[in-house]
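Peer 1: Data file input-v6.csv (CSV, N, CA and C atoms) is appended below.
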chain,number,residue,atom,x,y,z
A,1,MET,N,20.5,-0.2,-22.3
A,1,MET,CA,20.0,-1.1,-23.3
A,1,MET,C,18.4,-1.2,-23.2
A,2,SER,N,17.8,-1.3,-24.3
A,2,SER,CA,16.3,-1.4,-24.2
A,2,SER,C,15.9,-2.8,-23.8
A,3,VAL,N,14.8,-2.9,-23.1
A,3,VAL,CA,14.2,-4.2,-22.7
A,3,VAL,C,13.3,-4.8,-23.7
A,4,ALA,N,13.1,-4.0,-24.8
A,4,ALA,CA,12.2,-4.5,-25.9
A,4,ALA,C,12.7,-5.8,-26.5
A,5,GLY,N,11.7,-6.6,-26.9
A,5,GLY,CA,12.1,-7.8,-27.6
A,5,GLY,C,11.2,-9.0,-27.4
A,6,THR,N,11.6,-10.1,-27.9
A,6,THR,CA,10.8,-11.4,-27.8
A,6,THR,C,11.8,-12.3,-27.0
A,7,TYR,N,11.3,-12.8,-25.9
A,7,TYR,CA,12.1,-13.7,-25.1
A,7,TYR,C,11.5,-15.1,-25.0
A,8,GLU,N,12.3,-16.1,-25.1
A,8,GLU,CA,11.9,-17.5,-24.9
A,8,GLU,C,12.1,-17.7,-23.4
A,9,THR,N,11.0,-18.0,-22.7
A,9,THR,CA,11.0,-18.1,-21.2
A,9,THR,C,10.6,-19.5,-20.7
A,10,VAL,N,11.0,-19.7,-19.5
A,10,VAL,CA,10.6,-20.9,-18.7
A,10,VAL,C,10.2,-20.4,-17.3
A,11,VAL,N,9.0,-20.8,-16.9
A,11,VAL,CA,8.5,-20.6,-15.6
A,11,VAL,C,8.5,-22.0,-14.9
A,12,THR,N,9.2,-22.1,-13.8
A,12,THR,CA,9.3,-23.4,-13.1
A,12,THR,C,8.1,-23.4,-12.1
A,13,SER,N,7.1,-24.2,-12.5
A,13,SER,CA,5.8,-24.2,-11.7
A,13,SER,C,5.6,-25.6,-11.1
A,14,PRO,N,4.7,-25.7,-10.2
A,14,PRO,CA,4.4,-27.0,-9.5
A,14,PRO,C,3.9,-28.1,-10.6
A,15,MET,N,3.5,-27.6,-11.8
A,15,MET,CA,3.1,-28.5,-12.8
A,15,MET,C,4.2,-28.8,-13.8
A,16,GLY,N,5.4,-28.4,-13.4
A,16,GLY,CA,6.5,-28.6,-14.3
A,16,GLY,C,6.9,-27.3,-15.0
A,17,ASP,N,8.0,-27.4,-15.8
A,17,ASP,CA,8.5,-26.2,-16.5
A,17,ASP,C,7.5,-25.8,-17.6
A,18,GLN,N,7.1,-24.5,-17.6
A,18,GLN,CA,6.1,-24.0,-18.5
A,18,GLN,C,6.9,-23.1,-19.5
A,19,LYS,N,7.1,-23.5,-20.7
A,19,LYS,CA,7.8,-22.7,-21.7
A,19,LYS,C,6.9,-21.8,-22.4
A,20,GLY,N,7.4,-20.6,-22.7
A,20,GLY,CA,6.6,-19.6,-23.4
A,20,GLY,C,7.4,-18.6,-24.2
A,21,THR,N,6.7,-17.8,-24.9
A,21,THR,CA,7.3,-16.7,-25.7
A,21,THR,C,6.7,-15.4,-25.1
A,22,PHE,N,7.6,-14.5,-24.5
A,22,PHE,CA,7.2,-13.3,-23.9
A,22,PHE,C,7.6,-12.1,-24.7
A,23,THR,N,6.6,-11.3,-25.2
A,23,THR,CA,7.0,-10.1,-25.9
A,23,THR,C,6.9,-8.9,-25.1
A,24,VAL,N,7.8,-8.0,-25.2
A,24,VAL,CA,7.9,-6.7,-24.5
A,24,VAL,C,7.9,-5.6,-25.5
A,25,VAL,N,6.9,-4.7,-25.5
A,25,VAL,CA,6.8,-3.6,-26.4
A,25,VAL,C,6.7,-2.3,-25.6
A,26,PRO,N,7.8,-1.6,-25.4
A,26,PRO,CA,7.8,-0.4,-24.5
A,26,PRO,C,6.9,0.7,-25.1
A,27,GLY,N,6.2,1.4,-24.3
A,27,GLY,CA,5.4,2.6,-24.7
A,27,GLY,C,6.3,3.7,-25.0
A,28,ASP,N,5.7,4.8,-25.6
A,28,ASP,CA,6.5,6.0,-26.0
A,28,ASP,C,7.1,6.7,-24.9
A,29,ASP,N,6.6,6.5,-23.6
A,29,ASP,CA,7.1,7.2,-22.5
A,29,ASP,C,8.4,6.4,-21.9
A,30,GLY,N,8.6,5.2,-22.4
A,30,GLY,CA,9.7,4.4,-21.9
A,30,GLY,C,9.6,3.9,-20.4
A,31,LYS,N,8.4,4.1,-19.8
A,31,LYS,CA,8.1,3.7,-18.5
A,31,LYS,C,7.0,2.6,-18.4
A,32,THR,N,6.4,2.4,-19.5
A,32,THR,CA,5.3,1.4,-19.5
A,32,THR,C,5.6,0.4,-20.7
A,33,PHE,N,4.9,-0.7,-20.7
A,33,PHE,CA,5.0,-1.6,-21.8
A,33,PHE,C,3.8,-2.5,-21.9
A,34,THR,N,3.6,-3.0,-23.1
A,34,THR,CA,2.5,-3.9,-23.4
A,34,THR,C,3.2,-5.2,-24.0
A,35,GLY,N,2.4,-6.2,-24.2
A,35,GLY,CA,3.0,-7.4,-24.8
A,35,GLY,C,2.1,-8.6,-24.4
A,36,SER,N,2.7,-9.8,-24.5
A,36,SER,CA,1.9,-11.0,-24.1
A,36,SER,C,2.9,-12.1,-23.8
A,37,MET,N,2.3,-13.2,-23.2
A,37,MET,CA,3.1,-14.4,-22.9
A,37,MET,C,2.2,-15.5,-23.5
A,38,ALA,N,2.8,-16.2,-24.5
A,38,ALA,CA,2.2,-17.3,-25.2
A,38,ALA,C,2.9,-18.6,-24.9
A,39,GLY,N,2.1,-19.6,-24.6
A,39,GLY,CA,2.7,-20.9,-24.3
A,39,GLY,C,1.7,-22.0,-24.5
A,40,GLY,N,2.0,-23.2,-23.9
A,40,GLY,CA,1.2,-24.4,-24.0
A,40,GLY,C,-0.2,-24.2,-23.4
A,41,MET,N,-0.4,-23.2,-22.5
A,41,MET,CA,-1.7,-23.0,-21.8
A,41,MET,C,-2.4,-21.8,-22.4
A,42,GLY,N,-2.0,-21.4,-23.7
A,42,GLY,CA,-2.6,-20.3,-24.3
A,42,GLY,C,-1.8,-19.0,-24.2
A,43,SER,N,-2.5,-17.9,-24.5
A,43,SER,CA,-1.8,-16.6,-24.5
A,43,SER,C,-2.5,-15.7,-23.4
A,44,MET,N,-1.6,-14.9,-22.7
A,44,MET,CA,-2.1,-13.9,-21.7
A,44,MET,C,-1.5,-12.6,-22.1
A,45,ASP,N,-2.3,-11.6,-22.1
A,45,ASP,CA,-1.9,-10.2,-22.3
A,45,ASP,C,-1.2,-9.6,-21.1
A,46,VAL,N,-0.2,-8.8,-21.3
A,46,VAL,CA,0.4,-8.0,-20.2
A,46,VAL,C,-0.6,-6.9,-19.7
A,47,LYS,N,-0.8,-6.8,-18.4
A,47,LYS,CA,-1.6,-5.7,-17.8
A,47,LYS,C,-0.7,-4.9,-16.9
A,48,ASP,N,-0.9,-3.6,-16.9
A,48,ASP,CA,-0.1,-2.7,-16.0
A,48,ASP,C,1.4,-2.9,-16.0
A,49,GLY,N,1.9,-3.0,-17.3
A,49,GLY,CA,3.3,-3.2,-17.4
A,49,GLY,C,4.1,-1.9,-17.2
A,50,THR,N,5.1,-2.0,-16.3
A,50,THR,CA,6.0,-0.8,-16.0
A,50,THR,C,7.4,-1.2,-16.2
A,51,ILE,N,8.2,-0.2,-16.6
A,51,ILE,CA,9.7,-0.4,-16.8
A,51,ILE,C,10.4,0.6,-15.8
A,52,ASP,N,11.3,0.1,-15.0
A,52,ASP,CA,12.1,0.9,-14.1
A,52,ASP,C,13.5,0.5,-14.3
A,53,GLY,N,14.2,1.2,-15.2
A,53,GLY,CA,15.6,0.8,-15.6
A,53,GLY,C,15.6,-0.5,-16.3
A,54,ASP,N,16.2,-1.5,-15.8
A,54,ASP,CA,16.2,-2.8,-16.4
A,54,ASP,C,15.1,-3.8,-15.7
A,55,THR,N,14.3,-3.2,-14.9
A,55,THR,CA,13.3,-4.1,-14.2
A,55,THR,C,11.9,-3.9,-14.8
A,56,LEU,N,11.3,-5.0,-15.1
A,56,LEU,CA,9.9,-5.1,-15.6
A,56,LEU,C,9.0,-5.5,-14.5
A,57,ARG,N,7.8,-4.9,-14.4
A,57,ARG,CA,6.7,-5.4,-13.5
A,57,ARG,C,5.5,-5.4,-14.3
A,58,TRP,N,4.7,-6.5,-14.2
A,58,TRP,CA,3.4,-6.6,-14.9
A,58,TRP,C,2.5,-7.7,-14.2
A,59,LYS,N,1.3,-7.7,-14.7
A,59,LYS,CA,0.3,-8.7,-14.3
A,59,LYS,C,-0.2,-9.4,-15.5
A,60,MET,N,-0.7,-10.6,-15.3
A,60,MET,CA,-1.4,-11.4,-16.4
A,60,MET,C,-2.6,-12.1,-15.8
A,61,ASP,N,-3.7,-12.2,-16.5
A,61,ASP,CA,-4.8,-12.9,-16.1
A,61,ASP,C,-4.8,-14.3,-16.7
A,62,MET,N,-4.5,-15.3,-15.9
A,62,MET,CA,-4.5,-16.7,-16.3
A,62,MET,C,-5.9,-17.3,-16.2
A,63,THR,N,-6.2,-18.1,-17.2
A,63,THR,CA,-7.6,-18.8,-17.1
A,63,THR,C,-7.4,-20.3,-17.0
A,64,VAL,N,-6.3,-20.9,-17.5
A,64,VAL,CA,-6.1,-22.3,-17.4
A,64,VAL,C,-4.8,-22.6,-16.6
A,65,PRO,N,-4.8,-23.5,-15.6
A,65,PRO,CA,-5.9,-24.5,-15.3
A,65,PRO,C,-7.0,-23.9,-14.4
A,66,MET,N,-6.8,-22.6,-13.9
A,66,MET,CA,-7.8,-22.0,-13.1
A,66,MET,C,-7.6,-20.5,-13.2
A,67,PRO,N,-8.7,-19.7,-13.0
A,67,PRO,CA,-8.6,-18.3,-13.1
A,67,PRO,C,-7.8,-17.7,-12.0
A,68,MET,N,-6.8,-16.9,-12.3
A,68,MET,CA,-5.9,-16.3,-11.3
A,68,MET,C,-5.1,-15.2,-12.0
A,69,THR,N,-4.8,-14.1,-11.2
A,69,THR,CA,-4.0,-13.0,-11.6
A,69,THR,C,-2.6,-13.3,-11.2
A,70,LEU,N,-1.7,-13.3,-12.2
A,70,LEU,CA,-0.2,-13.6,-11.9
A,70,LEU,C,0.4,-12.2,-11.8
A,71,ASP,N,1.3,-12.1,-10.7
A,71,ASP,CA,2.0,-10.8,-10.5
A,71,ASP,C,3.5,-11.1,-10.7
A,72,CYS,N,4.1,-10.4,-11.7
A,72,CYS,CA,5.4,-10.8,-12.3
A,72,CYS,C,6.4,-9.7,-12.2
A,73,THR,N,7.6,-10.0,-11.9
A,73,THR,CA,8.8,-9.1,-12.0
A,73,THR,C,9.9,-9.8,-12.7
A,74,ALA,N,10.7,-9.0,-13.4
A,74,ALA,CA,11.9,-9.6,-14.0
A,74,ALA,C,12.9,-8.5,-14.3
A,75,ASP,N,14.2,-8.9,-14.1
A,75,ASP,CA,15.3,-8.0,-14.4
A,75,ASP,C,15.9,-8.5,-15.7
A,76,VAL,N,16.2,-7.5,-16.6
A,76,VAL,CA,16.8,-7.8,-17.9
A,76,VAL,C,18.3,-7.4,-17.8
A,77,ASN,N,19.2,-8.4,-18.1
A,77,ASN,CA,20.6,-8.1,-18.1
A,77,ASN,C,21.2,-8.6,-19.5
A,78,GLY,N,21.4,-7.6,-20.4
A,78,GLY,CA,21.8,-8.0,-21.7
A,78,GLY,C,20.6,-8.7,-22.4
A,79,ASP,N,20.8,-10.0,-22.8
A,79,ASP,CA,19.8,-10.7,-23.5
A,79,ASP,C,19.1,-11.7,-22.5
A,80,GLN,N,19.5,-11.7,-21.2
A,80,GLN,CA,19.0,-12.6,-20.2
A,80,GLN,C,17.9,-12.0,-19.3
A,81,MET,N,16.9,-12.7,-19.0
A,81,MET,CA,15.9,-12.3,-18.1
A,81,MET,C,15.8,-13.2,-16.9
A,82,THR,N,15.7,-12.7,-15.7
A,82,THR,CA,15.5,-13.5,-14.5
A,82,THR,C,14.5,-12.8,-13.6
A,83,GLY,N,13.6,-13.6,-13.0
A,83,GLY,CA,12.6,-13.0,-12.2
A,83,GLY,C,11.7,-14.0,-11.5
A,84,LYS,N,10.5,-13.6,-11.2
A,84,LYS,CA,9.5,-14.5,-10.6
A,84,LYS,C,8.1,-14.2,-11.0
A,85,VAL,N,7.3,-15.2,-10.9
A,85,VAL,CA,5.9,-15.1,-11.2
A,85,VAL,C,5.2,-15.5,-9.9
A,86,ASN,N,4.4,-14.5,-9.3
A,86,ASN,CA,3.7,-14.9,-8.1
A,86,ASN,C,2.3,-15.3,-8.4
A,87,ALA,N,1.9,-16.5,-8.0
A,87,ALA,CA,0.6,-17.1,-8.3
A,87,ALA,C,-0.2,-17.2,-7.1
A,88,GLY,N,-0.3,-16.1,-6.3
A,88,GLY,CA,-1.2,-16.1,-5.1
A,88,GLY,C,-0.8,-17.2,-4.1
A,89,ALA,N,-1.8,-18.0,-3.8
A,89,ALA,CA,-1.6,-19.1,-2.8
A,89,ALA,C,-0.5,-20.1,-3.1
A,90,PHE,N,-0.2,-20.1,-4.4
A,90,PHE,CA,0.9,-21.1,-4.9
A,90,PHE,C,2.3,-20.5,-4.7
A,91,GLY,N,2.4,-19.2,-4.4
A,91,GLY,CA,3.7,-18.6,-4.1
A,91,GLY,C,4.4,-18.2,-5.4
A,92,ASP,N,5.7,-17.9,-5.2
A,92,ASP,CA,6.6,-17.5,-6.2
A,92,ASP,C,7.1,-18.6,-7.0
A,93,MET,N,7.2,-18.4,-8.4
A,93,MET,CA,7.7,-19.4,-9.3
A,93,MET,C,8.9,-18.7,-10.1
A,94,PRO,N,10.0,-19.3,-10.1
A,94,PRO,CA,11.2,-18.7,-10.9
A,94,PRO,C,10.8,-18.6,-12.4
A,95,LEU,N,11.3,-17.4,-12.9
A,95,LEU,CA,11.1,-17.1,-14.3
A,95,LEU,C,12.5,-16.9,-14.9
A,96,THR,N,12.9,-17.5,-16.0
A,96,THR,CA,14.1,-17.2,-16.7
A,96,THR,C,13.8,-17.0,-18.2
A,97,GLY,N,14.6,-16.3,-18.9
A,97,GLY,CA,14.4,-16.1,-20.3
A,97,GLY,C,15.6,-15.6,-21.1
A,98,GLU,N,15.5,-15.8,-22.4
A,98,GLU,CA,16.6,-15.3,-23.2
A,98,GLU,C,16.0,-14.6,-24.4
A,99,ARG,N,16.5,-13.4,-24.7
A,99,ARG,CA,16.0,-12.6,-25.8
A,99,ARG,C,16.4,-13.3,-27.2
A,100,LYS,N,15.3,-13.4,-28.0
A,100,LYS,CA,15.6,-14.0,-29.3
A,100,LYS,C,15.6,-13.0,-30.4
A,101,ASP,N,15.0,-11.8,-30.2
A,101,ASP,CA,15.1,-10.7,-31.2
A,101,ASP,C,14.8,-9.4,-30.5
The structure given in the file should be rewritten as structure tokens.

Peer 2:
Amino acid sequence: MSVAGTYETVVTSPMGDQKGTFTVVPGDDGKTFTGSMAGGMGSMDVKDGTIDGDTLRWKMDMTVPMPMTLDCTADVNGDQMTGKVNAGAFGDMPLTGERKD
């Protein structure tokens, strides 16, 4: 099953649950993807997105509340996504999502 789609996500952070909309647009090679995460703190573009089976890996440059590169991984199982967002010194934060289209 393709990992493509738009997911409603929640990242459990030290500042509370951060809800967002995560889009996954696979490249023609099926091994890379682009997209974005949009939420209450603005929008971040996917960088270095890779697809390995049902596993996504990507980075995002956060600017609010402080500049930081987030290192993310997620597994897609049907319409469900589970993974983590690594925020450097703040450690790993759980990520969950559900595909909306």

Peer 1: If you count only N, CA and C atoms, which residues fall within 8 Å of Met62 of chain A, apart from same-chain ones fewer than 5 positions away, as an MDAnalysis selection string?

Peer 2: chainID A and resid 43:45 67:70

Peer 1: Skip Gly40 of chain A itself and residues of its chain fewer than 2 positions away, then list as an mmCIF file with N, CA and C atoms, in the frame of the given file all residues within 8 Å of it, counting only C-alpha atoms.

Peer 2:
data_model
loop_
_atom_site.group_PDB
_atom_site.id
_atom_site.type_symbol
_atom_site.label_atom_id
_atom_site.label_comp_id
_atom_site.auth_asym_id
_atom_site.auth_seq_id
_atom_site.Cartn_x
_atom_site.Cartn_y
_atom_site.Cartn_z
ATOM 1 N N GLN A 18 7.100 -24.500 -17.600
ATOM 2 C CA GLN A 18 6.100 -24.000 -18.500
ATOM 3 C C GLN A 18 6.900 -23.100 -19.500
ATOM 4 N N LYS A 19 7.100 -23.500 -20.700
ATOM 5 C CA LYS A 19 7.800 -22.700 -21.700
ATOM 6 C C LYS A 19 6.900 -21.800 -22.400
ATOM 7 N N GLY A 20 7.400 -20.600 -22.700
ATOM 8 C CA GLY A 20 6.600 -19.600 -23.400
ATOM 9 C C GLY A 20 7.400 -18.600 -24.200
ATOM 10 N N ALA A 38 2.800 -16.200 -24.500
ATOM 11 C CA ALA A 38 2.200 -17.300 -25.200
ATOM 12 C C ALA A 38 2.900 -18.600 -24.900
ATOM 13 N N GLY A 42 -2.000 -21.400 -23.700
ATOM 14 C CA GLY A 42 -2.600 -20.300 -24.300
ATOM 15 C C GLY A 42 -1.800 -19.000 -24.200
#

Peer 1: Which residues are near Val25 of chain A? Cut-off 6.5 Å, all atoms listed in the file, ignore same chain within fewer than 6 positions. Put them as a PyMOL selection string.

Peer 2: chain A and resi 4-5+32-35

Peer 1: Which value, in Å to one decimal, gives the distance between atom CA of Thr73 of chain A and atom N of Val46 of chain A?

Peer 2: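 The value is 12.9 Å.
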
Peer 1: Per DSSP on the backbone, filter chain A down to the residues in strand (DSSP E or B) and report them as a PyMOL selection string.

Peer 2: chain A and resi 5-13+16-26+32-39+42-45+47-52+55-62+68-77+80-86+92-99

Peer 1: Restricting the calculation to all atoms listed in the file, which member of A:Gln80, A:Gly53, A:Met60, A:Asn86 is positioned closest to Met37 of chain A?

Peer 2: A:Met60

Peer 1: As AutoDock Vina command-line options, please report the centre and edge lengths, rounded to one decimal in Å, of the axis-aligned box that holds all listed atoms of segment 69-88 of chain A with 3 Å of padding on each of the six sides.

Peer 2:
--center_x 8.5 --center_y -12.3 --center_z -13.8 --size_x 32.6 --size_y 15.8 --size_z 25.4

Peer 1: Counting only N, CA and C atoms, what is within 6 Å of Thr6 of chain A, bar same-chain residues fewer than 6 positions away, as a PyMOL selection string?

Peer 2: chain A and resi 22-24+98-101

Peer 1: One number please: atom C of Cys72 of chain A to atom CA of Gly49 of chain A, in Å, one decimal.

Peer 2: 8.9 Å

Peer 1: Please, what distance in Å, to one decimal, runs between atom CA of Val85 of chain A and atom CA of Asp52 of chain A?

Peer 2: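 Interatomic distance here is 17.4 Å.
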
Peer 1: With only C-alpha atoms as the basis for distance, which of A:Gly88, A:Pro26, A:Gly16, A:Asp71 is at the shortest distance from Lys47 of chain A?

Peer 2: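 Smallest separation from Lys47 of chain A among the options: A:Asp71.
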
Peer 1: Using only C-alpha atoms, which residues sit within 9 Å of Thr21 of chain A once same-chain residues fewer than 5 positions away are excluded, as a list in words?

Peer 2: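 Residues meeting the cut-off are Thr6, Tyr7, Glu8, Thr9, Val10, Ser36, Met37, Ala38, Gly39 and Gly97 of chain A.
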
Peer 1: For segment 58-69 of chain A, supply all heavy atoms and format the output as a PDB file, in the coordinates of the input.

Peer 2:
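Writing done, so here's out25.pdb:
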ATOM      1  N   TRP A  58       4.700  -6.500 -14.200  1.00  0.00           N
ATOM      2  CA  TRP A  58       3.400  -6.600 -14.900  1.00  0.00           C
ATOM      3  C   TRP A  58       2.500  -7.700 -14.200  1.00  0.00           C
ATOM      4  O   TRP A  58       2.955  -8.448 -13.391  1.00  0.00           O
ATOM      5  CB  TRP A  58       3.689  -6.971 -16.359  1.00  0.00           C
ATOM      6  CG  TRP A  58       4.158  -8.377 -16.637  1.00  0.00           C
ATOM      7  CD1 TRP A  58       3.398  -9.432 -17.065  1.00  0.00           C
ATOM      8  CD2 TRP A  58       5.493  -8.898 -16.507  1.00  0.00           C
ATOM      9  NE1 TRP A  58       4.174 -10.560 -17.221  1.00  0.00           N
ATOM     10  CE2 TRP A  58       5.457 -10.249 -16.878  1.00  0.00           C
ATOM     11  CE3 TRP A  58       6.709  -8.347 -16.104  1.00  0.00           C
ATOM     12  CZ2 TRP A  58       6.589 -11.066 -16.853  1.00  0.00           C
ATOM     13  CZ3 TRP A  58       7.830  -9.155 -16.086  1.00  0.00           C
ATOM     14  CH2 TRP A  58       7.766 -10.493 -16.462  1.00  0.00           C
ATOM     15  N   LYS A  59       1.300  -7.700 -14.700  1.00  0.00           N
ATOM     16  CA  LYS A  59       0.300  -8.700 -14.300  1.00  0.00           C
ATOM     17  C   LYS A  59      -0.200  -9.400 -15.500  1.00  0.00           C
ATOM     18  O   LYS A  59      -0.208  -8.832 -16.612  1.00  0.00           O
ATOM     19  CB  LYS A  59      -0.833  -8.040 -13.515  1.00  0.00           C
ATOM     20  CG  LYS A  59      -0.426  -7.383 -12.205  1.00  0.00           C
ATOM     21  CD  LYS A  59      -1.632  -6.770 -11.522  1.00  0.00           C
ATOM     22  CE  LYS A  59      -1.299  -5.937 -10.312  1.00  0.00           C
ATOM     23  NZ  LYS A  59      -0.433  -6.502  -9.331  1.00  0.00           N
ATOM     24  N   MET A  60      -0.700 -10.600 -15.300  1.00  0.00           N
ATOM     25  CA  MET A  60      -1.400 -11.400 -16.400  1.00  0.00           C
ATOM     26  C   MET A  60      -2.600 -12.100 -15.800  1.00  0.00           C
ATOM     27  O   MET A  60      -2.440 -12.621 -14.661  1.00  0.00           O
ATOM     28  CB  MET A  60      -0.420 -12.351 -17.047  1.00  0.00           C
ATOM     29  CG  MET A  60       0.763 -11.718 -17.733  1.00  0.00           C
ATOM     30  SD  MET A  60       1.852 -12.906 -18.550  1.00  0.00           S
ATOM     31  CE  MET A  60       2.530 -13.825 -17.180  1.00  0.00           C
ATOM     32  N   ASP A  61      -3.700 -12.200 -16.500  1.00  0.00           N
ATOM     33  CA  ASP A  61      -4.800 -12.900 -16.100  1.00  0.00           C
ATOM     34  C   ASP A  61      -4.800 -14.300 -16.700  1.00  0.00           C
ATOM     35  O   ASP A  61      -4.981 -14.474 -17.893  1.00  0.00           O
ATOM     36  CB  ASP A  61      -6.129 -12.228 -16.436  1.00  0.00           C
ATOM     37  CG  ASP A  61      -6.347 -10.985 -15.599  1.00  0.00           C
ATOM     38  OD1 ASP A  61      -5.907 -10.969 -14.430  1.00  0.00           O
ATOM     39  OD2 ASP A  61      -6.965 -10.037 -16.102  1.00  0.00           O
ATOM     40  N   MET A  62      -4.500 -15.300 -15.900  1.00  0.00           N
ATOM     41  CA  MET A  62      -4.500 -16.700 -16.300  1.00  0.00           C
ATOM     42  C   MET A  62      -5.900 -17.300 -16.200  1.00  0.00           C
ATOM     43  O   MET A  62      -6.630 -16.994 -15.293  1.00  0.00           O
ATOM     44  CB  MET A  62      -3.519 -17.491 -15.384  1.00  0.00           C
ATOM     45  CG  MET A  62      -3.363 -18.943 -15.712  1.00  0.00           C
ATOM     46  SD  MET A  62      -2.107 -19.715 -14.657  1.00  0.00           S
ATOM     47  CE  MET A  62      -3.083 -20.059 -13.204  1.00  0.00           C
ATOM     48  N   THR A  63      -6.200 -18.100 -17.200  1.00  0.00           N
ATOM     49  CA  THR A  63      -7.600 -18.800 -17.100  1.00  0.00           C
ATOM     50  C   THR A  63      -7.400 -20.300 -17.000  1.00  0.00           C
ATOM     51  O   THR A  63      -8.347 -20.977 -16.535  1.00  0.00           O
ATOM     52  CB  THR A  63      -8.406 -18.452 -18.362  1.00  0.00           C
ATOM     53  OG1 THR A  63      -7.674 -18.816 -19.531  1.00  0.00           O
ATOM     54  CG2 THR A  63      -8.735 -16.973 -18.396  1.00  0.00           C
ATOM     55  N   VAL A  64      -6.300 -20.900 -17.500  1.00  0.00           N
ATOM     56  CA  VAL A  64      -6.100 -22.300 -17.400  1.00  0.00           C
ATOM     57  C   VAL A  64      -4.800 -22.600 -16.600  1.00  0.00           C
ATOM     58  O   VAL A  64      -3.825 -21.956 -16.786  1.00  0.00           O
ATOM     59  CB  VAL A  64      -5.862 -22.862 -18.889  1.00  0.00           C
ATOM     60  CG1 VAL A  64      -5.549 -24.342 -18.886  1.00  0.00           C
ATOM     61  CG2 VAL A  64      -7.069 -22.564 -19.761  1.00  0.00           C
ATOM     62  N   PRO A  65      -4.800 -23.500 -15.600  1.00  0.00           N
ATOM     63  CA  PRO A  65      -5.900 -24.500 -15.300  1.00  0.00           C
ATOM     64  C   PRO A  65      -7.000 -23.900 -14.400  1.00  0.00           C
ATOM     65  O   PRO A  65      -8.026 -24.516 -14.185  1.00  0.00           O
ATOM     66  CB  PRO A  65      -5.208 -25.619 -14.640  1.00  0.00           C
ATOM     67  CG  PRO A  65      -4.044 -24.961 -13.967  1.00  0.00           C
ATOM     68  CD  PRO A  65      -3.636 -23.830 -14.884  1.00  0.00           C
ATOM     69  N   MET A  66      -6.800 -22.600 -13.900  1.00  0.00           N
ATOM     70  CA  MET A  66      -7.800 -22.000 -13.100  1.00  0.00           C
ATOM     71  C   MET A  66      -7.600 -20.500 -13.200  1.00  0.00           C
ATOM     72  O   MET A  66      -6.535 -20.010 -13.468  1.00  0.00           O
ATOM     73  CB  MET A  66      -7.672 -22.418 -11.612  1.00  0.00           C
ATOM     74  CG  MET A  66      -6.396 -21.933 -10.959  1.00  0.00           C
ATOM     75  SD  MET A  66      -6.081 -22.637  -9.341  1.00  0.00           S
ATOM     76  CE  MET A  66      -5.552 -24.284  -9.799  1.00  0.00           C
ATOM     77  N   PRO A  67      -8.700 -19.700 -13.000  1.00  0.00           N
ATOM     78  CA  PRO A  67      -8.600 -18.300 -13.100  1.00  0.00           C
ATOM     79  C   PRO A  67      -7.800 -17.700 -12.000  1.00  0.00           C
ATOM     80  O   PRO A  67      -7.964 -18.088 -10.831  1.00  0.00           O
ATOM     81  CB  PRO A  67     -10.058 -17.783 -13.020  1.00  0.00           C
ATOM     82  CG  PRO A  67     -10.900 -18.974 -13.285  1.00  0.00           C
ATOM     83  CD  PRO A  67     -10.097 -20.170 -12.864  1.00  0.00           C
ATOM     84  N   MET A  68      -6.800 -16.900 -12.300  1.00  0.00           N
ATOM     85  CA  MET A  68      -5.900 -16.300 -11.300  1.00  0.00           C
ATOM     86  C   MET A  68      -5.100 -15.200 -12.000  1.00  0.00           C
ATOM     87  O   MET A  68      -4.806 -15.203 -13.150  1.00  0.00           O
ATOM     88  CB  MET A  68      -4.918 -17.408 -10.896  1.00  0.00           C
ATOM     89  CG  MET A  68      -3.869 -16.984  -9.928  1.00  0.00           C
ATOM     90  SD  MET A  68      -2.723 -18.341  -9.554  1.00  0.00           S
ATOM     91  CE  MET A  68      -3.831 -19.663  -9.125  1.00  0.00           C
ATOM     92  N   THR A  69      -4.800 -14.100 -11.200  1.00  0.00           N
ATOM     93  CA  THR A  69      -4.000 -13.000 -11.600  1.00  0.00           C
ATOM     94  C   THR A  69      -2.600 -13.300 -11.200  1.00  0.00           C
ATOM     95  O   THR A  69      -2.312 -13.555 -10.016  1.00  0.00           O
ATOM     96  CB  THR A  69      -4.458 -11.683 -11.087  1.00  0.00           C
ATOM     97  OG1 THR A  69      -5.778 -11.426 -11.585  1.00  0.00           O
ATOM     98  CG2 THR A  69      -3.540 -10.558 -11.534  1.00  0.00           C
TER      99      THR A  69
END
